[in-house]
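structure21.txt follows (compact mmCIF, C-alpha atoms):
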```
# COMPACT_ATOMS: atom_id res chain seq x y z
CA MET A 1 43.25 14.92 69.13
CA ARG A 2 42.87 12.90 72.30
CA VAL A 3 41.59 9.34 72.50
CA GLU A 4 40.75 8.38 76.07
CA ASN A 5 40.06 4.66 75.84
CA ALA A 6 39.54 1.59 73.65
CA GLU A 7 35.86 2.38 73.06
CA GLN A 8 36.75 5.74 71.54
CA ALA A 9 39.59 4.26 69.50
CA LYS A 10 37.22 1.71 68.00
CA GLN A 11 35.02 4.47 66.61
CA SER A 12 37.54 5.12 63.84
CA GLU A 13 38.75 2.03 62.02
CA ALA A 14 41.70 3.95 60.53
CA TYR A 15 42.85 4.98 64.02
CA ARG A 16 42.28 1.54 65.51
CA ALA A 17 44.13 -0.29 62.72
CA ALA A 18 47.23 1.91 63.00
CA LEU A 19 47.21 1.74 66.80
CA VAL A 20 46.88 -2.05 66.81
CA ASP A 21 49.75 -2.48 64.35
CA PHE A 22 51.97 -0.23 66.45
CA LEU A 23 51.08 -1.92 69.76
CA TYR A 24 52.22 -5.20 68.19
CA GLN A 25 55.55 -3.56 67.28
CA LEU A 26 56.05 -2.41 70.84
CA ALA A 27 54.95 -5.66 72.48
CA ASP A 28 56.78 -7.95 70.08
CA ASP A 29 60.09 -6.10 70.44
CA GLU A 30 59.85 -6.45 74.21
CA LEU A 31 58.66 -10.05 74.26
CA CYS A 32 61.33 -11.32 71.85
CA LEU A 33 64.07 -9.55 73.76
CA GLY A 34 62.64 -10.63 77.12
CA HIS A 35 62.69 -14.22 75.92
CA ARG A 36 66.27 -13.90 74.69
CA ASP A 37 67.24 -12.37 78.05
CA SER A 38 65.71 -15.32 79.86
CA GLU A 39 67.94 -17.65 77.85
CA TRP A 40 70.95 -16.31 79.77
CA LEU A 41 69.61 -17.64 83.06
CA GLY A 42 72.13 -19.94 84.64
CA LEU A 43 74.63 -19.16 81.88
CA ALA A 44 75.58 -15.52 82.44
CA PRO A 45 79.27 -14.91 83.18
CA ASP A 46 78.67 -14.17 86.87
CA ILE A 47 75.88 -14.54 89.37
CA GLU A 48 75.09 -10.82 89.49
CA GLU A 49 74.42 -10.85 85.75
CA ASP A 50 72.28 -13.93 86.16
CA VAL A 51 70.14 -11.98 88.61
CA ALA A 52 70.19 -8.88 86.41
CA PHE A 53 69.12 -10.75 83.29
CA SER A 54 66.27 -12.51 85.08
CA SER A 55 65.01 -9.18 86.38
CA VAL A 56 65.38 -7.46 83.00
CA ALA A 57 63.64 -10.39 81.27
CA GLN A 58 60.75 -10.12 83.72
CA ASP A 59 60.42 -6.39 83.08
CA GLU A 60 60.45 -6.80 79.28
CA VAL A 61 57.89 -9.60 79.32
CA GLY A 62 55.76 -7.49 81.68
CA HIS A 63 55.87 -4.55 79.28
CA ALA A 64 54.80 -6.84 76.44
CA THR A 65 51.95 -8.18 78.57
CA TYR A 66 50.75 -4.65 79.25
CA CYS A 67 50.62 -3.96 75.49
CA PHE A 68 48.83 -7.26 74.89
CA SER A 69 46.16 -6.24 77.40
CA LEU A 70 45.70 -2.94 75.53
CA LEU A 71 45.39 -4.95 72.30
CA HIS A 72 42.80 -7.20 73.88
CA ASP A 73 40.80 -4.11 74.92
CA LEU A 74 40.88 -3.06 71.27
CA GLY A 75 39.29 -6.31 70.16
CA GLU A 76 42.36 -8.49 69.54
CA GLU A 77 42.58 -12.01 70.92
CA ASP A 78 43.32 -13.06 74.47
CA PRO A 79 46.90 -12.10 75.54
CA ASP A 80 48.06 -15.73 75.88
CA ARG A 81 46.90 -16.55 72.38
CA ILE A 82 48.52 -13.40 71.02
CA ALA A 83 51.80 -14.38 72.64
CA PHE A 84 51.86 -18.10 71.96
CA ALA A 85 49.55 -18.93 69.08
CA ARG A 86 50.11 -16.17 66.53
CA GLU A 87 51.50 -16.91 63.07
CA VAL A 88 55.00 -15.64 62.26
CA LYS A 89 53.78 -13.22 59.61
CA ARG A 90 51.66 -11.40 62.20
CA TRP A 91 54.68 -10.52 64.36
CA ARG A 92 55.83 -6.92 64.17
CA ASN A 93 59.14 -6.92 66.07
CA ALA A 94 62.26 -5.64 64.38
CA VAL A 95 64.44 -8.53 63.16
CA LEU A 96 67.22 -7.36 65.51
CA LEU A 97 65.25 -8.67 68.50
CA GLU A 98 64.62 -12.17 67.13
CA ARG A 99 68.31 -12.94 66.58
CA PRO A 100 69.86 -15.51 68.91
CA ASN A 101 71.95 -14.20 71.80
CA GLY A 102 75.36 -14.90 70.29
CA ASP A 103 78.20 -14.25 72.72
CA TRP A 104 78.11 -11.97 75.76
CA ALA A 105 79.37 -9.00 73.75
CA TYR A 106 76.60 -9.43 71.17
CA SER A 107 73.92 -9.64 73.87
CA ILE A 108 75.21 -6.56 75.67
CA ALA A 109 75.63 -4.54 72.48
CA ARG A 110 72.18 -5.46 71.17
CA HIS A 111 70.54 -4.55 74.46
CA PHE A 112 72.31 -1.24 74.64
CA LEU A 113 71.54 -0.26 71.04
CA TYR A 114 67.92 -1.29 71.51
CA ASP A 115 67.46 0.33 74.92
CA VAL A 116 68.55 3.73 73.61
CA PHE A 117 66.05 3.36 70.76
CA ASP A 118 63.38 2.21 73.23
CA ASP A 119 63.99 5.23 75.44
CA ILE A 120 63.57 7.59 72.47
CA ARG A 121 60.39 5.78 71.43
CA LEU A 122 58.96 5.80 74.98
CA GLU A 123 59.77 9.47 75.44
CA ALA A 124 57.80 10.23 72.28
CA LEU A 125 54.95 8.02 73.46
CA THR A 126 54.52 9.99 76.68
CA LYS A 127 52.87 12.49 74.31
CA SER A 128 50.82 9.95 72.37
CA SER A 129 47.20 10.76 71.53
CA TYR A 130 46.12 7.40 73.01
CA ARG A 131 45.78 7.79 76.74
CA PRO A 132 46.44 4.18 77.89
CA LEU A 133 49.61 4.14 75.78
CA ARG A 134 50.73 7.52 77.14
CA GLU A 135 50.22 6.39 80.74
CA GLY A 136 51.93 3.05 80.19
CA ALA A 137 54.90 4.68 78.47
CA ARG A 138 55.42 7.06 81.38
CA LYS A 139 55.59 4.18 83.84
CA ILE A 140 57.61 1.82 81.65
CA ARG A 141 60.21 4.49 80.95
CA ARG A 142 60.96 4.84 84.67
CA GLU A 143 61.76 1.13 84.79
CA GLU A 144 63.76 1.08 81.57
CA THR A 145 66.07 3.76 82.99
CA TYR A 146 67.78 1.02 84.97
CA HIS A 147 68.23 -1.24 81.95
CA LEU A 148 69.69 1.61 79.98
CA GLN A 149 72.14 2.47 82.73
CA HIS A 150 73.16 -1.15 83.15
CA PHE A 151 73.82 -1.88 79.49
CA ARG A 152 75.52 1.44 78.85
CA LEU A 153 77.94 0.62 81.67
CA TRP A 154 78.66 -2.86 80.28
CA PHE A 155 79.08 -1.57 76.73
CA ALA A 156 81.67 0.99 77.82
CA ARG A 157 83.33 -1.52 80.13
CA LEU A 158 83.81 -4.17 77.44
CA GLY A 159 85.18 -1.57 75.04
CA GLN A 160 87.53 0.03 77.53
CA ALA A 161 88.86 -3.34 78.64
CA GLY A 162 90.66 -3.63 75.29
CA GLY A 163 91.96 -6.99 74.08
CA GLU A 164 89.52 -9.79 73.33
CA ALA A 165 86.60 -8.03 75.06
CA GLN A 166 86.90 -4.99 72.80
CA GLU A 167 87.50 -7.10 69.70
CA ARG A 168 84.38 -9.13 70.35
CA LEU A 169 82.37 -5.98 71.03
CA ALA A 170 83.51 -4.47 67.72
CA GLN A 171 82.58 -7.69 65.90
CA ALA A 172 79.19 -7.73 67.62
CA VAL A 173 78.47 -4.14 66.60
CA ASN A 174 79.42 -4.95 63.00
CA ARG A 175 77.08 -7.93 62.95
CA LEU A 176 74.26 -5.91 64.55
CA TRP A 177 74.61 -3.06 62.12
CA SER A 178 72.76 -4.68 59.22
CA ASP A 179 69.74 -5.28 61.51
CA VAL A 180 69.76 -2.10 63.55
CA GLY A 181 68.04 0.05 60.91
CA GLY A 182 64.95 -2.14 61.20
CA LEU A 183 64.20 -0.53 64.56
CA PHE A 184 63.34 2.75 62.86
CA SER A 185 60.72 1.34 60.54
CA LEU A 186 57.22 2.10 61.78
CA GLY A 187 55.66 -0.36 59.37
CA ARG A 188 52.98 0.22 56.80
CA PHE A 189 50.94 2.57 58.98
CA GLU A 190 53.70 5.11 59.63
CA ALA A 191 51.85 8.01 57.99
CA ALA A 192 48.64 7.27 59.91
CA LEU A 193 50.52 6.82 63.19
CA ILE A 194 52.08 10.25 62.90
CA GLU A 195 49.02 11.97 61.49
CA ASN A 196 46.87 10.67 64.37
CA GLY A 197 49.47 11.52 66.98
CA ILE A 198 49.72 7.90 68.14
CA VAL A 199 53.48 8.11 67.62
CA PRO A 200 54.33 11.80 67.62
CA ILE A 201 57.68 11.51 65.76
CA SER A 202 58.82 9.78 62.59
CA GLY A 203 61.15 6.80 62.38
CA GLU A 204 63.70 9.00 60.65
CA GLU A 205 63.67 11.46 63.52
CA MET A 206 64.10 8.63 65.98
CA ARG A 207 67.11 7.43 63.97
CA GLN A 208 68.74 10.88 64.11
CA ARG A 209 68.24 11.18 67.87
CA TRP A 210 69.56 7.64 68.30
CA GLU A 211 72.74 8.38 66.35
CA GLU A 212 73.35 11.48 68.45
CA ARG A 213 73.16 9.43 71.63
CA ILE A 214 75.03 6.34 70.41
CA ARG A 215 78.05 8.07 68.83
CA PRO A 216 79.60 9.40 72.08
CA VAL A 217 79.29 5.99 73.77
CA MET A 218 80.89 4.26 70.79
CA ASP A 219 83.76 6.76 71.07
CA GLU A 220 84.04 6.11 74.78
CA ALA A 221 84.22 2.36 74.14
CA GLY A 222 86.72 2.82 71.31
CA ILE A 223 84.43 1.18 68.75
CA PRO A 224 84.57 2.61 65.22
CA TRP A 225 81.27 3.75 63.69
CA PRO A 226 80.42 0.99 61.20
CA GLY A 227 78.81 3.26 58.60
CA GLU A 228 75.44 4.26 57.28
CA ILE A 229 72.22 2.84 58.71
CA PHE A 230 69.47 1.76 56.36
CA ILE A 231 66.16 -0.04 56.73
CA PRO A 232 66.95 -3.66 55.89
CA SER A 233 65.27 -5.58 53.08
CA VAL A 234 63.62 -7.92 55.59
CA ASP A 235 61.36 -5.55 57.55
CA GLY A 236 59.99 -7.18 60.70
CA ARG A 237 57.56 -4.29 61.15
CA GLN A 238 55.83 -5.46 57.95
CA GLY A 239 55.66 -9.06 59.13
CA GLU A 240 58.82 -10.19 57.33
CA HIS A 241 61.04 -12.36 59.50
CA THR A 242 63.92 -14.81 59.51
CA ASP A 243 63.98 -18.44 60.63
CA ASP A 244 65.32 -17.16 63.93
CA LEU A 245 61.82 -15.96 64.87
CA SER A 246 60.24 -19.30 64.02
CA ALA A 247 62.80 -21.04 66.22
CA LEU A 248 62.19 -18.57 69.06
CA LEU A 249 58.40 -18.98 68.88
CA ASP A 250 58.73 -22.77 68.76
CA THR A 251 60.67 -22.73 72.01
CA MET A 252 58.61 -20.06 73.72
CA GLY A 253 55.28 -21.75 72.93
CA GLU A 254 56.38 -25.29 73.71
CA VAL A 255 54.59 -25.56 77.05
CA TYR A 256 51.53 -23.59 75.88
CA ARG A 257 51.00 -25.97 72.96
CA LEU A 258 50.86 -29.01 75.26
CA ASP A 259 47.42 -27.83 76.32
CA PRO A 260 46.28 -24.42 75.06
CA ASN A 261 43.20 -24.50 77.29
CA ALA A 262 45.05 -25.17 80.54
CA VAL A 263 44.44 -22.66 83.29
CA TRP A 264 47.60 -21.51 85.09
CA MET B 1 26.84 -2.37 110.98
CA PRO B 2 27.00 -1.51 107.27
CA THR B 3 30.43 -1.40 105.69
CA THR B 4 31.84 2.08 105.16
CA GLU B 5 34.64 3.23 102.86
CA GLN B 6 36.83 3.63 105.92
CA MET B 7 36.26 -0.04 106.73
CA LEU B 8 37.18 -1.00 103.16
CA TRP B 9 40.52 0.80 103.54
CA SER B 10 41.14 -1.00 106.83
CA ALA B 11 40.38 -4.34 105.15
CA LEU B 12 42.75 -3.49 102.29
CA ASP B 13 45.43 -2.74 104.86
CA GLU B 14 45.22 -6.44 105.77
CA VAL B 15 46.28 -7.48 102.25
CA LYS B 16 50.04 -7.96 102.30
CA ASP B 17 52.57 -7.95 99.49
CA PRO B 18 53.28 -11.66 98.85
CA GLU B 19 56.94 -10.84 98.26
CA ILE B 20 57.37 -8.64 101.35
CA PRO B 21 54.80 -10.04 103.78
CA SER B 22 55.23 -7.44 106.50
CA ILE B 23 53.92 -4.58 104.38
CA SER B 24 50.41 -4.01 103.09
CA ILE B 25 49.33 -2.84 99.66
CA VAL B 26 47.97 0.35 101.25
CA GLU B 27 51.31 1.08 102.94
CA LEU B 28 53.07 0.43 99.63
CA GLY B 29 50.82 3.02 97.97
CA MET B 30 49.36 0.62 95.42
CA VAL B 31 45.70 1.57 95.95
CA ASN B 32 44.60 4.58 93.91
CA ARG B 33 40.90 4.75 94.68
CA VAL B 34 38.14 2.90 96.48
CA ARG B 35 34.49 3.52 95.67
CA LEU B 36 31.50 1.99 97.41
CA ASP B 37 28.11 2.16 95.76
CA ASP B 38 25.15 0.20 97.11
CA GLY B 39 27.14 -2.90 98.08
CA CYS B 40 29.35 -2.79 94.99
CA VAL B 41 33.01 -1.92 95.48
CA ARG B 42 35.40 -0.71 92.82
CA VAL B 43 39.09 -0.73 93.75
CA GLU B 44 41.60 0.92 91.44
CA MET B 45 45.14 -0.31 91.94
CA THR B 46 48.45 0.25 90.26
CA PRO B 47 51.34 -2.25 90.19
CA THR B 48 54.72 -1.32 91.62
CA PHE B 49 56.35 -2.59 88.44
CA VAL B 50 54.45 -3.17 85.19
CA GLY B 51 55.63 -6.78 85.06
CA CYS B 52 55.05 -7.51 88.75
CA PRO B 53 54.11 -11.21 88.86
CA ALA B 54 52.40 -10.80 92.25
CA ILE B 55 49.61 -8.62 90.92
CA GLY B 56 47.34 -11.60 90.14
CA MET B 57 47.68 -12.93 93.69
CA ILE B 58 47.11 -9.48 95.14
CA ARG B 59 44.00 -8.95 93.04
CA GLN B 60 42.59 -12.25 94.28
CA ALA B 61 43.42 -11.45 97.91
CA VAL B 62 41.64 -8.09 97.58
CA GLN B 63 38.56 -9.80 96.16
CA GLU B 64 38.46 -12.30 99.02
CA GLN B 65 39.14 -9.74 101.73
CA LEU B 66 36.43 -7.34 100.63
CA THR B 67 33.80 -9.92 99.68
CA ALA B 68 33.88 -11.16 103.28
CA LEU B 69 32.68 -7.79 104.57
CA ASP B 70 29.11 -7.18 105.63
CA GLY B 71 26.76 -6.24 102.81
CA ILE B 72 29.33 -6.35 100.00
CA ARG B 73 27.77 -7.95 96.94
CA GLU B 74 30.35 -7.32 94.27
CA VAL B 75 34.04 -6.42 94.16
CA GLU B 76 35.66 -5.11 91.03
CA VAL B 77 39.45 -4.72 90.99
CA VAL B 78 40.80 -2.58 88.18
CA ILE B 79 44.49 -2.28 87.38
CA THR B 80 45.27 1.19 86.13
CA MET B 81 48.29 3.29 85.19
CA ASP B 82 46.57 6.67 85.43
CA GLN B 83 48.51 7.49 88.57
CA PRO B 84 51.65 5.41 88.12
CA TRP B 85 53.30 3.97 91.17
CA THR B 86 56.45 5.66 92.37
CA THR B 87 58.49 4.87 95.45
CA ASP B 88 57.43 8.24 96.92
CA ARG B 89 53.96 6.74 97.43
CA ILE B 90 55.11 4.40 100.21
CA THR B 91 53.68 5.63 103.53
CA PRO B 92 55.88 6.45 106.57
CA GLU B 93 54.60 3.25 108.27
CA GLY B 94 55.43 1.31 105.13
CA ARG B 95 58.97 2.71 105.08
CA GLU B 96 59.48 1.70 108.69
CA LYS B 97 58.18 -1.83 108.08
CA LEU B 98 60.45 -2.25 105.09
CA ARG B 99 63.42 -1.24 107.21
CA GLN B 100 62.45 -3.69 109.95
CA PHE B 101 62.16 -6.43 107.34
CA GLY B 102 65.77 -5.69 106.31
CA ILE B 103 64.96 -3.87 103.09
CA ALA B 104 66.16 -0.29 102.96
CA PRO B 105 63.34 2.14 102.15
CA PRO B 106 64.03 3.97 98.90
CA VAL B 107 65.67 7.37 98.70
CA LYS B 108 62.99 10.06 98.37
CA GLY B 109 62.72 12.49 95.49
CA SER B 110 65.14 12.57 92.57
CA SER B 111 68.05 14.62 93.80
CA GLY B 112 71.34 13.40 95.21
CA SER B 113 72.49 9.85 95.88
CA LEU B 114 70.27 6.94 94.92
CA VAL B 115 71.78 4.70 97.61
CA PRO B 116 69.59 4.42 100.71
CA GLU B 117 70.79 4.23 104.30
CA CYS B 118 71.94 0.81 105.47
CA PRO B 119 68.96 -0.87 107.22
CA TYR B 120 71.33 -2.53 109.72
CA CYS B 121 73.67 0.24 110.90
CA GLY B 122 72.13 3.37 109.39
CA ALA B 123 75.29 4.44 107.54
CA GLY B 124 74.68 6.55 104.47
CA ASN B 125 77.78 6.05 102.36
CA GLY B 126 76.93 2.73 100.71
CA GLU B 127 77.32 1.85 97.06
CA VAL B 128 75.26 0.18 94.36
CA HIS B 129 76.18 -3.45 93.98
CA ASN B 130 73.51 -4.47 91.47
CA TRP B 131 70.48 -2.46 90.34
CA PHE B 132 68.73 -5.79 89.90
CA GLY B 133 67.78 -7.95 92.85
CA PRO B 134 65.51 -10.82 93.89
CA THR B 135 62.38 -9.01 92.68
CA ALA B 136 61.83 -6.33 90.06
CA CYS B 137 61.46 -3.56 92.62
CA ARG B 138 64.58 -4.36 94.69
CA ALA B 139 68.28 -3.66 94.22
CA ILE B 140 71.40 -4.85 96.03
CA PHE B 141 73.59 -2.31 97.81
CA TYR B 142 76.74 -2.61 99.88
CA CYS B 143 77.36 -0.89 103.21
CA LYS B 144 80.95 0.26 103.55
CA ARG B 145 80.64 0.73 107.31
CA CYS B 146 79.23 -2.61 108.48
CA ARG B 147 80.55 -4.31 105.33
CA GLN B 148 77.38 -6.10 104.49
CA PRO B 149 75.39 -6.28 101.31
CA PHE B 150 71.79 -5.20 101.82
CA GLU B 151 68.60 -5.01 99.82
CA GLY B 152 66.74 -1.83 99.10
CA LEU B 153 63.86 -0.64 96.97
CA LYS B 154 65.10 1.06 93.84
CA PRO B 155 63.75 4.55 93.43
CA VAL B 156 61.36 4.83 90.49
```
Would you mind writing the structure in this file as structure tokens?
Amino acid sequence: MRVENAEQAKQSEAYRAALVDFLYQLADDELCLGHRDSEWLGLAPDIEEDVAFSSVAQDEVGHATYCFSLLHDLGEEDPDRIAFAREVKRWRNAVLLERPNGDWAYSIARHFLYDVFDDIRLEALTKSSYRPLREGARKIRREETYHLQHFRLWFARLGQAGGEAQERLAQAVNRLWSDVGGLFSLGRFEAALIENGIVPISGEEMRQRWEERIRPVMDEAGIPWPGEIFIPSVDGRQGEHTDDLSALLDTMGEVYRLDPNAVW
Amino acid sequence: MPTTEQMLWSALDEVKDPEIPSISIVELGMVNRVRLDDGCVRVEMTPTFVGCPAIGMIRQAVQEQLTALDGIREVEVVITMDQPWTTDRITPEGREKLRQFGIAPPVKGSSGSLVPECPYCGAGNGEVHNWFGPTACRAIFYCKRCRQPFEGLKPV
């Protein structure tokens, strides 16, 4: 099955509904993380990381914007409204991405664990049945290669440094572990997403591939594997979130709410 | 004289990248297709990076540039990903202009070193200083011969 554009997708409500829910997952993961990345500006431990985080933030927000434009084509609201005026329960990001930045080790570890997942998801999406998603994924993946490389390097570096750096990294990984399983939930449309070829692999398969890629890097960094991964009780993909998301959206939408009709 | 497709391409070559003003969007390889049909133009473009903040400005500049041409009634600019931008799409003139501007043109293809030649001294044994630079498409390298940091386009 091949769906060429939004018009064709809208011909089947079952297809459209699953696609829309998934595009929110993709966009919301990227936008939350992009916003968190931007919070490091001026505060990163050195100027090169300041530059890196601003660039990474810009990429992530850009990827979210691309997904919002696809959503708009499918009949959802205007991208600005989607980003800044949507109720918390309509957000589909995994809880992992709404958490505050914590210390440097937490930010690095979260980015690395997420970027590996994102790469696996994007690779699968290059074979999606929905053409605009397939094309976007191909392009976005080329950009994400640099994020992946960057955060893999930092993850290994903090671990191999030993001492406080490694201790903090291990603590960060432990804290992240209870949220990390939420990445592999595909929400309430998982069956339809797979059946329609929108997402060609299951969340469980993504988790297996992710473990295979994460384990060697954890070994390299000298970080013990914290144990089994499970889908947490608060599933962001189903619209369940923590107060951390409300706080994030409050900050992110502050300027927008001053005058929602302003033209920028 | 009525506007031809060739003239449209020449006009597009006047639209510069706001972040690297010496190089045009045609030389960067951002224009996928141009179609002229009875005074209506459709331009299909692709951004260098998905989150490129300059794309809005570029779109507007394209509109203005083409609307000014003889007999053009309507200009439609469509952003598409159907032929995604890669650094291999930069033209030879574009590569030369980048170098003159002090930004190393990207390494071609996907084999071998990703570090381009130093735009100042031409040495080829530089190293990556930071894959992230002042804009999404640029990286910072370091030349070990002339001992200067330099900017370059990152290969994508």
> Could you name the residues that touch stretch 215-223 of chain A at 8 Å or less, counting all atoms listed in the file, but leaving out those on the same chain fewer than 3 positions away, as a list in words?
Replying inline: Arg152, Phe155, Ala156, Arg157, Leu158, Gly159, Gln160, Gln166, Leu169, Ala170, Glu211 and Glu212 of chain A
>> Need to verify the contact set: A:Asp59, 12 Å, all atoms listed in the file, exclusion of same-chain residues closer than 6 positions in sequence. Can you return it as a VMD selection string?
In response: (chain A and resid 27 30 to 31 33 to 35 37 to 38 52 to 53 65 to 66 139 to 147) or (chain B and resid 48 to 53 132 135 to 137)
>> At a cut-off of 7 Å, using all atoms listed in the file, what residues contact B:Leu28? Leave out same-chain residues fewer than 2 positions from it and give the result as a VMD selection string.
In response: chain B and resid 23 to 26 30 89 to 91 94
>> Report as a VMD selection string all protein, DNA and RNA residues lying within 9 Å of A:Asp80, evaluated on all atoms listed in the file, omitting residues in the same chain fewer than 6 positions from it.
In response: chain A and resid 65 68 256 260
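Contact shell of stretch 96-100 of chain A at 9 Å (all atoms listed in the file; same-chain neighbours under 4 positions omitted): Asp28, Asp29, Glu30, Leu31, Cys32, Leu33, Arg36, Ser107, Arg110, His111, Tyr114, Leu176, Ser178, Asp179, Val180, Gly181, Gly182, Leu183, Gly236, His241, Thr242, Asp244, Leu245, Ser246 and Leu248 of chain A.
Put simply, atom CA of A:Gln58 is 28.6 Å away from atom CA of B:Pro92.
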> Smallest atom-to-atom distance to chain B: which of A:Val95, A:Ile194, A:Val61, A:Ala6, using all atoms listed in the file?
Replying inline: A:Val61
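With atom CA of B:Arg138 on one side and atom CA of A:Asp115 on the other, the separation reads 20.5 Å.
Take atom CA of A:Leu153 and atom CA of B:Trp131: the distance between them is 11.8 Å.
Using all atoms listed in the file for every distance, the candidate list B:Val31, B:Cys146, B:Ile140, B:Leu36 yields B:Val31 as the residue closest to B:Met81.
Proximity ranking of B:Lys154, B:Lys108, B:Lys97, B:Arg35 relative to chain A places B:Lys154 first, based on all atoms listed in the file.
Among the candidates A:Trp210, A:Arg16, A:Arg2, A:Ile82, the one nearest to A:Arg134 when counting only C-alpha atoms is A:Arg2.
Of the residues listed (A:Val263, A:Ala9, A:Leu125, A:Met252), A:Met252 shows the shortest atom-to-atom separation from A:Glu39; distances use only C-alpha atoms.
Nearest residue to chain B, choosing from A:Ile108, A:Val88, A:Val20, A:Ala137 and counting all atoms listed in the file: A:Ala137.
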